[in-house]
Amino acid sequence: MLQFVGNGLKQAVLEVQEYVNLQVTVVRAAFSRPFYMRDLIEQLDQIGIGSLTVVTLAGFFTGAVLALQSGITLDQFGARPFVGRLVSASMVKELGPVLTGLMLAGRVGSGIAAELGSMVVTDQINALRALGTDPVRKLVVPRVLAGVIMTPILTIIADTLGIIGGWIIAVFQLRVASSIYWTSVTDGLYLQDVWMGLIKPFVLGFAIVTIGCHVGLQTRGGTQGVGRSTTYAVVAASVAVIAADLFITQLLVDLLY
Amino acid sequence: MAASPHDEAGLKTGDHARNAAGIAAADAPVVELRHVSLAFDEKVVLRDVSFILLPGHTKLILGASGSGKSTILKLILGLLRPDAGEVYVGGERVDQMEERELLRVRGGLGMVFQEGALFDSLTVGENVGFKLYEEMHRPLAEIRARVEEVLGFVRLAEYIDRRPTELSGGQRRRVAIARAMASKPGILLYDEATTGLDPITAITVDEEVVKLRDLEEVGSIVVTHQLRDAFFVATHEARRSGDRIEVAPADAAKADEAEFIMLKEGLVAFEGNAAELRASADPYIRSFLS
């Protein structure tokens, strides 16, 4: 039993070590040559444009349901006109970054783990190395950069669509005047909130993509292994998004407010 | 015997030799394993394996599945590190090299992987020219011409813009060979290059191995359990005859240059030429040959 626990702990420490190693290698490689611009553009398209639909829909419906739910609660205090303030603050500071992160963990994290995992089990990664190409520079760095660039952009889109969703519910369901809603939206936002909403997605994007890459590159055991890696990448990235959100929020509250 | 489009393809004799020379001085071993051992957890894959490969020579590694044949190629490429022993490529010790230095050494090596290992996201042409495109300083027209040339070599020129997923298993293997030879490496490593191919295609591949070895002085390590192909490579040679290239049975001296290594449970069970292998009385080798 003790040996089993010991082996498990050893495995966990090794896994963390490998993950940190990959992060360090990625950061180093991102600032030195060769740089694969074509692969970066491809990844910007796949991660950014490819995720647009799911992020847009998630943002819109979350903002709408948030307005609906909070409208009922605010009614108890006669504060229905403040619904815009609640929607904008919640979306920009918390729900926009986290929901976008979770959507990307499902779509991008799994895709990267499956793609790199398949390349491992079919010897394509070894072929890359045999052809004198560093797989981290060629495959990981463009994906990580694309994740770090596109996650904040997608988050801004999700925030905007969320606030629009809230506006539709506020005007047509809660019967709040449009001008009151938009005044409330801007009144509810402070510069610190905007900073918080913009800094979080950088960190979450980095975590999601590096986890997907790490899990994909560690794939063993044929097609079954690819399936396991895909599931593991989604679970690990989703938990990382929620956990990282707590720590970044605490840090930014201390620094900004 | 077989006429070849070798000259039409425009491979300049000596390009491969120059790459090999860039790796090692003439007649010095281009690859050397010294007392190499490797185990994965409890399973011992190689025990005290030693051999050398001279420029323009062939080493044919035979053995049952799981006997450690492919592992030897991965050790030479630096994709794996041995638990004990030393691995040299072109006189440089690679088993302790950092990945960045290994990438440079691998520039002089070409490898044909067991299942081809083609990049699914790229076209056949992009796969074949991958190394050349990565070098980034060659004109695109020159790379395209070289890609067409080597694809013509393996008779797949018309598939240049197809995706690997659109090809049959045999065609994928031939594209993998074209990719390995595109940058004119000094050493070529073949991991079961003919397994799963029809006999005619397999002979075509074998002839290319022979031609690259004899005309371009490319050192080759051929891992296979296809005895017919191993003996073909060992007992044939390529000669220029005017503008044509012929692959014909080799004379005794030439045939002696091709050395067989038989692996059994990670140990070298036999080392010698084709005639000695055929004459061996070892029961394991007899059962393997039968």
# chains A, B, ... in the order shown; residues from 1 in each chain; ligands from 1
>>> interface_residues(of="chain A", to="chain B", cutoff="10 Å", atoms="only C-alpha atoms", output="list in words")
Pro34, Tyr36, Met119, Val120, Val121, Thr122, Asp123, Gln124, Ile125, Asn126, Ala127, Leu128, Arg129, Ala130, Leu131, Gly132, Thr133 and Asp134 of chain A
>>> residues_around(residues="Gly266 in chain B", least_positions_apart="3", cutoff="6 Å", atoms="only C-alpha atoms", output="ChimeraX atom specification")
/B:45-47,67-68,263
>>> residues_around(residues="range 87-92 of chain B", least_positions_apart="3", cutoff="7 Å", atoms="only C-alpha atoms", output="PyMOL selection string")
chain B and resi 23-24+29-34+76+95
>>> residues_around(residues="Ala202 in chain B", least_positions_apart="5", cutoff="8 Å", atoms="only C-alpha atoms", output="JSON, numbers by chain")
{"B": [194, 197, 229]}
>>> residues_around(residues="Gly59 in chain A", least_positions_apart="3", cutoff="7 Å", atoms="only C-alpha atoms", output="JSON, numbers by chain")
{"A": [55, 56, 62, 63, 96, 158, 159, 161, 162]}
>>> atom_distance(atom1="CA of Leu189 in chain B", atom2="CA of Thr71 in chain B")
11.7 Å
>>> closest_residue(among="B:Ser121, B:Glu142, B:Ala234, B:Asp243", to="Leu116 in chain A", atoms="only C-alpha atoms")
B:Ser121
>>> select_by_dssp(residues="range 15-231 of chain B", states="strand (DSSP E or B)", output="NGL selection string")
:B and (31-40 or 43-53 or 58-63 or 84-89 or 92-93 or 109-112 or 187-191 or 219-223)
